[in-house]
Structures are given as structure tokens and as C-alpha cells.
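A short write-up of the structure that comes next.
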There are 4 protein chains.
Amino acid sequence: MKIGIIGAGRIGKVHLESVSRYVKGAEVVAMADPFLNAETEEFIKGFGVKKVSRDYKEILADKEIDAVLICSSTDTHAPVSLEAIAAGKHVFCEKPVDHDIQNILKVKKALEGSKVKYQVGFNRRFDHNFAAVRAAVEEGKIGALNVLKICSRDPAAPPVSYIKVSGGIFLDMTIHDFDMVRFLSGDEVESVYAMGGVLVDKGIGEAGDIDTAVITMRLKSGALAVIDNCRRAAYGYDQRAEAFGELGQVAVGNDTCSTAVISNKDGVTAEKPLYFFLERYMQAYVKEVSEFIDCVQKDKPVPVGIEDGLQAVRIGVAAKKSLAEGREVKLSEIEG
Amino acid sequence: MKIGIIGAGRIGKVHLESVSRYVKGAEVVAMADPFLNAETEEFIKGFGVKKVSRDYKEILADKEIDAVLICSSTDTHAPVSLEAIAAGKHVFCEKPVDHDIQNILKVKKALEGSKVKYQVGFNRRFDHNFAAVRAAVEEGKIGALNVLKICSRDPAAPPVSYIKVSGGIFLDMTIHDFDMVRFLSGDEVESVYAMGGVLVDKGIGEAGDIDTAVITMRLKSGALAVIDNCRRAAYGYDQRAEAFGELGQVAVGNDTCSTAVISNKDGVTAEKPLYFFLERYMQAYVKEVSEFIDCVQKDKPVPVGIEDGLQAVRIGVAAKKSLAEGREVKLSEIEG
Amino acid sequence: MKIGIIGAGRIGKVHLESVSRYVKGAEVVAMADPFLNAETEEFIKGFGVKKVSRDYKEILADKEIDAVLICSSTDTHAPVSLEAIAAGKHVFCEKPVDHDIQNILKVKKALEGSKVKYQVGFNRRFDHNFAAVRAAVEEGKIGALNVLKICSRDPAAPPVSYIKVSGGIFLDMTIHDFDMVRFLSGDEVESVYAMGGVLVDKGIGEAGDIDTAVITMRLKSGALAVIDNCRRAAYGYDQRAEAFGELGQVAVGNDTCSTAVISNKDGVTAEKPLYFFLERYMQAYVKEVSEFIDCVQKDKPVPVGIEDGLQAVRIGVAAKKSLAEGREVKLSEIEG
Amino acid sequence: MKIGIIGAGRIGKVHLESVSRYVKGAEVVAMADPFLNAETEEFIKGFGVKKVSRDYKEILADKEIDAVLICSSTDTHAPVSLEAIAAGKHVFCEKPVDHDIQNILKVKKALEGSKVKYQVGFNRRFDHNFAAVRAAVEEGKIGALNVLKICSRDPAAPPVSYIKVSGGIFLDMTIHDFDMVRFLSGDEVESVYAMGGVLVDKGIGEAGDIDTAVITMRLKSGALAVIDNCRRAAYGYDQRAEAFGELGQVAVGNDTCSTAVISNKDGVTAEKPLYFFLERYMQAYVKEVSEFIDCVQKDKPVPVGIEDGLQAVRIGVAAKKSLAEGREVKLSEIEG
């Protein structure tokens, strides 16, 4: 299967490397980025990619290419998706599909009746730890779900310049956790209440965003879910979840570099969580693209579709509204 | 120091046993309970208590007695407190002081200018685990507090008959956690949002209460706090806390009966949390009364005063209002 | 039941305090120590003990006294035991009964046909962690035992003056672990091989002893056991065990002061093990004497008898011989 | 760099896959196995290997090939090594180099003055956990080493037919742990004492071998080391180590599939260790060959040389002698 990658930023490079090394039966044959420089071009060619350009339209026009990975900036996800679907390319699109629900709905509409496979890049669904929580819930090991808790903290806040175009914490960072709520519970969100603050970087507040949040949700089943987020954790990338139900609880913690524990006069010290999201989720990046390719090849439904991309954004928009209005917002108030 | 205990129910017996065995320099000389039966009388006398009666007024009238422990039903806490203060007895009063803020304010008023020491029975402040969190926060080990999380789940729901007179989950169960928020943060609650459900026992819902809740709070400093409660945890009494700040996190888990871990074909299995609150908090019960007696003897301020008793109830009342009205409630809306 | 305590050193005081506070139905009425000073006398009288003297013979002569706890120096254990047995007192004797097997055999002989209960102070049998290992082994949770591992390290080495009269590491320190091998396995030791070194304090070597050792044993069942000892652990009192068998493994770790874990830029740090043996084993000290008293009162066999006292010393003597001769020593080579 | 792999059994295939996928700058161009069948040939060709044959001599004769990985049966390691060295190929040889010290010495001799790089396949040196222990010891985090403990248990015993040609547990299984003793301590073994038994499979005993062992060693520095081995662990592949020294301890445990912990009425259950050595050590297999290739390309000394291959076998031979003679055996008694 021939793959083209649109966008050669950090995540585009991750997919290039992971497809080239670990994904059997797939080959990256083309890559495009409007800001392509010599260093990036050399990096790409080092993986044997022959066609490197500044124009993604070359990829869409290439008959040889079966599927594209859209890794460009968020504002281009929906329009490029529409073009790719029109060109008959299978699409793997990074999250979020768009900040604007209307744009996601256009992509959804374009997919109706199409044979194009469209997968959204919620990589955490492919993480070994979160998959273990989902398996325990699905297999009934905790009985009916009562309370789902997700803790998600970045090691360090991004620059304020990034915050300004990020769509806000709920659509940029919590979007993953909203998807985790749906994935881990196997349920839908009915209403959202968000409380937040600026506790890390005043500049984030000045940019109109928050950096710390607690978001509570009521699910269709009546179960409750709560996410706590922070843009900074001194000890690294903190990614945990607990699902609690009538028969018990399943919890997952962080991954570490080794199991080493040092005991000395100062205490009993284990390793910190892996610091960087690429370290923590590298296997998940490989797995999500492998499964996408497998779904294309075997004509199976993708594991994370446009509906998942849409719902996560709807929850994010509801959270934004809740924060602004200081009240619980029902998802039925949000379009889509 | 001579002690009288008013109320010979479960918690009265706990204090009798702990004072008799572990508290130096104090002696229980009298105990009263209106429902006294032969078995209870024998139990009490087994600890060498000479005066056992049905009338607590005998204790208050006894010149020999320095202090009383009020362990009777919640509705009697405030009136008996007022009588005891009037009689010049030092008072250790079980939580909550009252469900009605006005009654607590009367006790507070009676204490103004009085030499009587008045301590409220928030035993968790004396637990070794929560004390370790408080110490870490106070010593600046996590820097400025950002997010405080408390998980508090009972092993099994009480009978619906108890629920009906309990004052509701927030004043009966979460009251401890509200006090923990104040204790662990060293801060005051500014607003509360509560979401809840009936997921354990429909009878609890029919009695007008909930059994599962997530309560989010904004503190004066801007930090956020979140409590999750459930009346039932299949694996035992689940009592954990995490305080997260600019420099890191301190977390405490549950106590277990032993450190034994069994590895076999089914997994690597450690012991469950201690099941019962008396097992988990026995040392805390001893310590709170020991410190109360020490404060009386050395004329020091008590570690948990009427103000603490008042504020926890105010937060509980705000949570009740939030749940009823589906909005964030400011503590300034609540009397007191 | 009336108790006399012979010896008012550290361990005598521990038993005084634990019997006085925690052991129901028993009362310490007399205590004797040849080196009695004013401070010790005041401490003893603070627990309401009426008869305090320098001569243990007064205790033995006291008709009122039912049982004695022998807490004097090791060289007096056997002769005082013999006198106490002759006086018809039940005896709880601190470990080891004697460094010389012949003297233990004399006590054993004196007990034959006697109604006197004689318990040896192997307190670790009453520790919650080791009891959990024993229970798992006994209940067949690991199947047939294959390998038993005990790690036992003191926080700091005693003074060389103590080492000189200690009987050597095997009879002073490892004796507890030898008893643990017998207790946890429910089996007998057949042969011993000991390797040791002086790695902590050269003075210990100059006194003819070692401070670090690994001792391997073959049990009657064919299972293997291994103990590693050190007189110094920078992080506290390290007391762990693992029993491994055909169906799996049960392991116990150390107790800590709290479950607090601090995560910061330096790592994820839990508390050190409790530093001091009195902290770690206080509950075990209470329990062993409670059970002794219960056995006397109900005329039941004691949980740790003279045979247990004898066998642990025989293994210690075999280990000493193995270290001296650089070969595996069979227990059948040792008298007793 | 062009690589030829000699031997297409399990470990040969592992190296084929890991070099093909993960090792940059190296390419497997040829593979040979005398028992080659159609299935294996297809597997090999699936990785783009062009030359597949039954005769390893074709690989040695191939001018294009820079290095060989010797993955054939143990009895062929030394003779093929000698031929490869003579042919000027760099050699990565699986462990052990030979069961017979004389044969290893011949290889060592052949390497004297040669420019050929020769690395031995002690993969555990490249494991993230053991590397963390080594780093802590090397950086002085535990001070001078006192006691090193290694626990190494296979999930299940191999068939007796394998045992018969394995060279015995010490040269087949413990050989890795002997190398770990040298690697983790940075020290040399001075004497060995081995105790063992047949506790898993009587057939292993009938074949003249043991299946369970405890081996104690004295190191040059005076530190002690102890290994415990078993051919069967019901809960999976158990691979742990503890290094204890004057300033504290560093310990590593097992890796698991996820961090999931399920709490229910039966306990608090984490995942078992990874069951299979390929799962546990896959990253180590990649890393050892990557480093070998890096050493060849940059003309650096290999991280595990012929001397390491020799010493591990010498310790194994000493352990065998100790078990047979029931005494501590000095390494100076063993040739080499």
C-alpha cells in the first residue's frame, strides 16, 4: 500500500518513521509540506521517500497513492480531508478534525456513501494501558460503570503563541481525554460542567485560555466522569485513568523508563513517568496507523471514525460554554 | 483528667476503649446512654467505668468530671454541647456539630469568651496518611497547590433507614472530605459544584438522597479541588488523596492488613484496603482524643475547633444547593 | 493473671509497656533488675507496678505471681529459666535461650513432665507480614515450597562491645531468620552453608565476627532456603521474605510510616521502611505475650516452645561451623 | 554494512527481524542453516534477504559480507567462530561460546592481534532494567557494593531432550546470571558455592541435571553475590536484581504488559511479568546488535568480548564442581 503524508511537522515525522520502520505492507512514497526546508527534506529522503514537495495537491493527484495521513495544521484538516475524499484517497487525519463543528459535519457528509476509509488520530485508544482499562470495562470485570476518572497533565506548557491558535485547552488538550471518556466507558456524554483556572502561566490567561481544569460529565447510563488537566507537571507526562464500578475498579498509571527503585537515606525512589508524549505513546502511533492500513486492506470499519472526531469536539465546545456560563451544559445544546 | 462519655453507640464505645487503653493521663469515669442495655453496661464496666446511667445530665452535674465526649445522635450534638459549655465542661463533639447552621452558630456564640475547649471529631486529620499529605503541602514540597483530589468510598451503603436521618450524603459522608479539602490545602472553599447520581441502591434515591457524587470546588487561592464519593466499593474502604502543585505531587493510598503479594497464574495480587473505618482510623481516634486532652491540660488551642465544624457544614449545604439547582454555588451565598 | 518481669533493659521495658497497655487480663505486679536505677524505677512505677527490686529471686518466691518474662542478659536466660520452672512459674523467655546447646537441653529436660508453659520470644512469628507468608504457604497457595528467601538487615551495626558478647551474628541476629525459615516453611533444616564478610565495620572483624552474610540451607523436603544479612542498611530496618513454589510466590516487604508518595523532578519517592525494630515489631511484641498468657489461661500448647528455641540455635551453630570450615554442614553433625 | 546470519533457529530469526526492522545502517544479505525448510526460507526472504542456503561456508566466502551473527547450535559456536575470524569477518556469537573452556581459549587466541570485532550475545546487559542497576552502582549511588542478589526463573522447564544437550543448568541458564554478577558489580568472582535440587521435573534429575539452584559467590572486593534459579515460575518469566551497598540499595523488578491494577473483592491485582524471554528482552536484542554494528563501524571495543564469554563459563564450571563436591570452589582452581 502506498502512503502519502501531508505535513512534515513533528507528528508527520513521527508517522513517517513509524510507518517506515514498523508497519508491514505499507510504504511512504510521498510527503508534502509548504514550509519544507533542506534539513526536513533530507530527513524524509533518509527513509527512502522519493517524492518530496511543498504542495499536498501533488499527493492527492498521484494515482499510485492509496491513502494519505493528514498531519498539517488543524485549520487545514477539514478542507484537505474534503479534497482527499473527493480524490478517493483513504484518510488518516490527525486530531482534532476541526475546531468548528460545521466543518466536521461537512467531512461527515462527504463520507456518506463513500468507500473512503476515514480514521481520526486519537492515538491513546491504542495505548497498552488505556486498552487494558477498556478491556476490563468491556469484559465486565468492574460491573456497571459508576465513576470514570482521567488525570492528564502535560510536562510543560506550550508557548503562548501556540496557545493562541490552539482552540483553547478543551479542544487542544482535553480533546484526547474527552475521547478517552467515550472509549473507556463505551458510553456517550450527556452533560458537562467545567471549572478552570490560570495557575501555571499568566500569559495563557492573557491569551484568553486556562491552564488547569476539572471537568465533570454525566454519561447516558447515569455514570459520572471527571477529568483533571494541567499544562505542567514537574515530574513528567502524567497520564492515568481509573474506572470504578459495582464490582470494583481498574486503574492504570504511568510508564517509566525502567523498574529501578533506589532505597537510601532519602527514601525509596522509583523513576519518573516518561517525560515526552512521543516516548509514552510511540507504540500507540505505530498501532493506530497499522490498524488503519489493515482496515483499508481488509475493507473493515476503522476503529476511530468521523463520528468519534465529531463527538469529542462537541464535548469540548460544551465544556467551553460551561466554563463561560458557570453552569452544567447539556450536549443536546450543542449542534451536530 | 476525668472524662464522661455521652452516648454509648459504636463511636462512644470506640472512644471508651481508646481512652481506657491508649490515652495516658485520662480516665473515663462515667458514661450515659438513654438506650442503655445490660450488655452495653457490662461492656462499659469492663473498662472500670464506675458511673453508668441513662441520663447524660448526671455527667454534666458531676463536679469531678473535667471533660465530656459527645457521641450521641447528631440532632443532640448542639443542644448537649450548649449544656456542657454552660456546665463548664470541656467538650469533644463528634461530627457534624449539627445539620442546621443556625444551631452551630449558637454553639459558636456560647464559646465566645468561654474557657471551655471545644474540639470537633474530624478524625481523618489525625490519620498518618493524610497527615503526610498535609506535611508535604505545608513544607512546600509541591510548591503552590494547583489541584487537590480526594477519593472517598465506603465499603457498603448503610440501610435506607439510616440514610433518611443522615442529613444526606454531603453532610453525612462528604463532610469528612470537605474538612480534608480545608485541612490539606490550608485554604478556604470559595464555590462548589456538585454532580451526583443513584448508582448503588435505588432505595437511597427514593429516600431523596444520592449515593455517588463528584464535587468540584474553587479555593480562595484559585486552586481547584475535586472529591469523588461512592457509598459502595467492592474492594473495601477506599480513602485516597492527591495534592498536585507547581513542583510536583504528593499522593496517599490505602492501608492494608499486610504487605503480602501473591504472584501466580492469575496475576500479582496484593491485599485489599482495610474494609472497615474502625480498622483504618483506629490510630486516628486515639490521637484526636489524646490531643484534645493534651490541649485541655496545657491550655492550648484545639486542633479542630467550632469554626472547622461550621465551615465543613457550610460547604455541605452549598453542595446540596448546587446539586438541587444545577449550578456553581458560592460559599458567600450560605449563612454563617 | 499476675506477671513478674525479670530484667528492665530495653526489651523488659517494651514488655512492661505492652502488657500494661494492651494485654487484657494480665497485670505486671513485680519487676527486678540488678542494675536498677532511680529513673528506671520511676518508669516502672509509672505503670503501677508495686514491687520493684534488684533481686529476681523475690519474684520467683512470690506466691502471687503466675508467670515471669525473662528479659535479662542472654547468659542468664537458661539458669533463671531453670529456677523459674522449679518455682512453678510459667516462663516467657527472650531469645536466644542460650548460646550453648547443652544449657538449652537442660531447660528442655526440666520441662519434661512439668506443667509449666515455656515460650521463647521469637516475636517475628507474630508479625502481620510474616504471618501472611506462613498462611499462604500453609493454605497451599504457592503449592510445594521450592525456594524460601529471607532478607534481614539492621539499620545500623551495634557497638563492637556488644558484638563481643553477642555470640556472633548467627546466634544474635540470624537466629530470628533461622526461626523464620522453620516457621515459614513448616519444615526442618537439613544442612547449612554460610558465606560471610566484614564489609561494614572493621572492628567487628577484629572482634572475630562478620557483619554481612549469605546463608544457604537445604530443607528436609528438598526445598532450598537462603538468608542474606547485613548489620547496616542506610534506608532503615529491611525485613522481607519470599516463598516460591510450584504454583507461584508470596512475598512481603517492609512497613512504612505512611503510604505517601512524592513525585517531583527528582523521581517518585515513597517512605523508607520503619527504622527501628520496636516500631516495626511493636504489634508483634504485644501479640506474642498476649498469646502466651492466653495459652497459660486456657492450658493450650504455646506457639513457640523450647524445641523451637533449640533448633534455631542448632542451625546457628551449624552456620558458624560452616563459615569456619568452608563447607556445607549437616544439622545431624550438631548436638541436640 | 552487510550481515550474514548463520543459523535460522529461534534466535537467528529474532536477529533477522530486529536487524531488518530496527538497526539502521545494517542489512542482512545472507542466511544459512543446515536444516533449512521451505517455511523458514519464505520467512527469511520476506525480509528481503537474497542469499539463503544450507551452507554457512558460502557466507564466510562472500566478500561482500562484513560481519556474521553466529546463531547455530552451541557446539558449533567455537569452530565457526574460528573460521569466521580466519575469513576476516566480524563476529557476533550467541552465548555460551562453548561448554569447554579449551575451545573458548582457542577463539581467544585467534583474536589476539586480529582486527576482527568479536561480541558475545549476553543480551541482558542491554536490558533497560539491568542497565539501570549497573548505572546506579557505577555512579556510586549505593556506595561500595555489599550484597548483589539476582533472581532468575524461567516460566517453564524445557523438554528433557533439550536438558540433555544443554550443558547443565549452570552453563545453559545461570550463565546469563553469572554474566550479570560481573556486569552489575563491575567485579570478578573469586569463589563459588552451589546448592541445587530437582523440584520441578524428575526427568531433569534423571538426565543428571538440577532444575532449582541457589549459588553464592564471593567477589574480589569481598562483596557477596547470590543467584537463585528455577526452571519454572507459574506467573511468568521472573527476572529481578538487587544491588545493596553502604549507601543503600537499587532494585529492579519485572516488566509487564500494562500498568493495569484491578481492585475487587478478591484483592488488588496487577499484571504478571511478561511470560516469554523474547517479549521481555526484545529491545535488548535490538540494542546489542546495534551496538555491535556501531563498534564495527567506528572501530570501538565491543561491550561484551571474548573475555566476558570466557569468565561466565569459568564460573559455571566452578559452580558445577561445587555442586558435585559440596564445597566452595575457588575460581583459580578452574583453567583459563
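By convention here, the chains of the C-alpha cells are called A, B, ... in the order presented, each chain's residues are numbered starting at 1, and ligands are numbered starting at 1 in the order presented.
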Identify every residue of chain A that has at least one atom within 8 Å of any atom of chain D, counting only C-alpha atoms, and report the result as a PyMOL selection string.
chain A and resi 21-22+128-129+132-133+142+247-255+257-265
I need the chosen residues saved as a CSV table (one decimal), in the first residue's frame, with N, CA, C and O atoms.
```csv
chain,number,residue,atom,x,y,z
A,21,ARG,N,9.4,2.0,9.6
A,21,ARG,CA,10.1,1.0,10.3
A,21,ARG,C,9.3,-0.1,10.8
A,21,ARG,O,9.7,-1.3,10.8
A,22,TYR,N,8.1,0.2,11.2
A,22,TYR,CA,7.3,-0.9,11.9
A,22,TYR,C,6.1,-1.4,11.3
A,22,TYR,O,5.5,-2.4,11.7
A,128,HIS,N,-1.3,0.7,25.4
A,128,HIS,CA,-1.5,-0.5,26.1
A,128,HIS,C,-2.2,-0.4,27.4
A,128,HIS,O,-3.0,-1.2,27.8
A,129,ASN,N,-1.9,0.8,28.1
A,129,ASN,CA,-2.6,1.0,29.4
A,129,ASN,C,-4.0,1.3,29.3
A,129,ASN,O,-4.9,0.6,29.9
A,132,ALA,N,-6.0,-1.6,28.3
A,132,ALA,CA,-6.3,-2.6,29.4
A,132,ALA,C,-7.5,-2.1,30.2
A,132,ALA,O,-8.3,-3.0,30.7
A,133,VAL,N,-7.7,-0.8,30.4
A,133,VAL,CA,-8.9,-0.3,31.1
A,133,VAL,C,-10.1,-0.7,30.3
A,133,VAL,O,-11.1,-1.2,30.8
A,142,ILE,N,-15.5,-4.9,36.2
A,142,ILE,CA,-15.8,-4.0,37.3
A,142,ILE,C,-17.4,-3.8,37.3
A,142,ILE,O,-17.8,-3.0,38.1
A,247,LEU,N,-18.5,-3.8,40.8
A,247,LEU,CA,-17.7,-4.9,41.3
A,247,LEU,C,-16.3,-4.5,41.6
A,247,LEU,O,-15.5,-5.4,42.1
A,248,GLY,N,-15.9,-3.3,41.4
A,248,GLY,CA,-14.5,-2.9,41.7
A,248,GLY,C,-14.0,-1.8,40.8
A,248,GLY,O,-14.7,-1.1,40.2
A,249,GLN,N,-12.7,-1.8,40.7
A,249,GLN,CA,-12.0,-0.7,40.0
A,249,GLN,C,-10.9,-1.2,39.2
A,249,GLN,O,-10.2,-2.2,39.5
A,250,VAL,N,-10.6,-0.6,38.0
A,250,VAL,CA,-9.4,-0.9,37.2
A,250,VAL,C,-8.7,0.5,37.1
A,250,VAL,O,-9.3,1.5,36.8
A,251,ALA,N,-7.4,0.5,37.3
A,251,ALA,CA,-6.7,1.7,37.3
A,251,ALA,C,-5.4,1.5,36.5
A,251,ALA,O,-4.8,0.4,36.6
A,252,VAL,N,-5.0,2.5,35.8
A,252,VAL,CA,-3.7,2.4,35.1
A,252,VAL,C,-2.8,3.7,35.4
A,252,VAL,O,-3.4,4.8,35.6
A,253,GLY,N,-1.5,3.4,35.6
A,253,GLY,CA,-0.6,4.5,35.9
A,253,GLY,C,0.3,4.8,34.8
A,253,GLY,O,0.0,4.5,33.6
A,254,ASN,N,1.4,5.5,35.1
A,254,ASN,CA,2.3,5.9,34.0
A,254,ASN,C,3.3,4.8,33.7
A,254,ASN,O,3.6,3.9,34.4
A,255,ASP,N,3.9,5.0,32.5
A,255,ASP,CA,5.0,4.1,32.1
A,255,ASP,C,6.3,4.8,32.5
A,255,ASP,O,6.4,6.0,32.6
A,257,CYS,N,10.9,4.5,32.4
A,257,CYS,CA,12.0,4.1,31.6
A,257,CYS,C,12.5,2.7,32.1
A,257,CYS,O,13.0,1.9,31.3
A,258,SER,N,12.5,2.5,33.4
A,258,SER,CA,12.8,1.2,33.9
A,258,SER,C,12.1,1.0,35.2
A,258,SER,O,11.5,1.9,35.8
A,259,THR,N,12.2,-0.2,35.8
A,259,THR,CA,11.5,-0.5,37.1
A,259,THR,C,12.5,-0.2,38.3
A,259,THR,O,12.2,-0.6,39.4
A,260,ALA,N,13.6,0.4,38.0
A,260,ALA,CA,14.6,0.6,39.1
A,260,ALA,C,14.0,1.4,40.3
A,260,ALA,O,13.3,2.4,40.1
A,261,VAL,N,14.3,1.0,41.5
A,261,VAL,CA,13.9,1.6,42.7
A,261,VAL,C,15.2,1.8,43.6
A,261,VAL,O,15.8,0.8,43.9
A,262,ILE,N,15.5,3.0,43.9
A,262,ILE,CA,16.7,3.2,44.8
A,262,ILE,C,16.2,3.5,46.2
A,262,ILE,O,15.4,4.4,46.4
A,263,SER,N,16.7,2.8,47.2
A,263,SER,CA,16.4,3.0,48.6
A,263,SER,C,17.6,3.6,49.3
A,263,SER,O,18.7,2.9,49.3
A,264,ASN,N,17.5,4.7,49.8
A,264,ASN,CA,18.6,5.3,50.6
A,264,ASN,C,18.1,6.1,51.7
A,264,ASN,O,16.9,6.1,52.0
A,265,LYS,N,19.0,6.9,52.3
A,265,LYS,CA,18.6,7.7,53.5
A,265,LYS,C,17.4,8.7,53.2
A,265,LYS,O,16.7,9.1,54.1
```
Might you pull out every residue within 9 Å of Lys330 (chain D), with only C-alpha atoms counted and same-chain residues fewer than 5 positions away left off, and present them as JSON, numbers by chain?
{"D": [189, 190, 191, 192, 193, 318]}
Using only C-alpha atoms, find the one residue out of A:Arg231, A:Lys220, A:Arg153, A:Lys300 that sits nearest to Glu188 (chain A).
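Distance minimum relative to Glu188 (chain A) lands on A:Lys220.
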Within 9 Å of Arg134 (chain C), counting only C-alpha atoms, which residues qualify if same-chain residues fewer than 6 places away don't, as a list in words?
Arg125, Phe183, Leu184, Ser185, Gly186 and Ala243 of chain C
Deliver the residues from the most recent selection as a file, using C-alpha atoms, as a short mmCIF file (atom, residue, chain, number, x, y, z; two decimals), in the first residue's frame.
```cif
data_model
loop_
_atom_site.label_atom_id
_atom_site.label_comp_id
_atom_site.auth_asym_id
_atom_site.auth_seq_id
_atom_site.Cartn_x
_atom_site.Cartn_y
_atom_site.Cartn_z
CA ARG C 125 6.22 -15.19 64.16
CA PHE C 183 8.20 -21.14 60.69
CA LEU C 184 7.54 -20.04 57.10
CA SER C 185 8.42 -23.40 55.55
CA GLY C 186 6.87 -25.60 58.23
CA ALA C 243 8.36 -18.07 49.45
#
```
Report the residues of region 26-241 of chain B whose backbone DSSP state falls under alpha helix (DSSP H), written as a PyMOL selection string.
chain B and resi 38-45+56-61+74-86+101-111+128-138+160-165+169-172+174-185+202-206
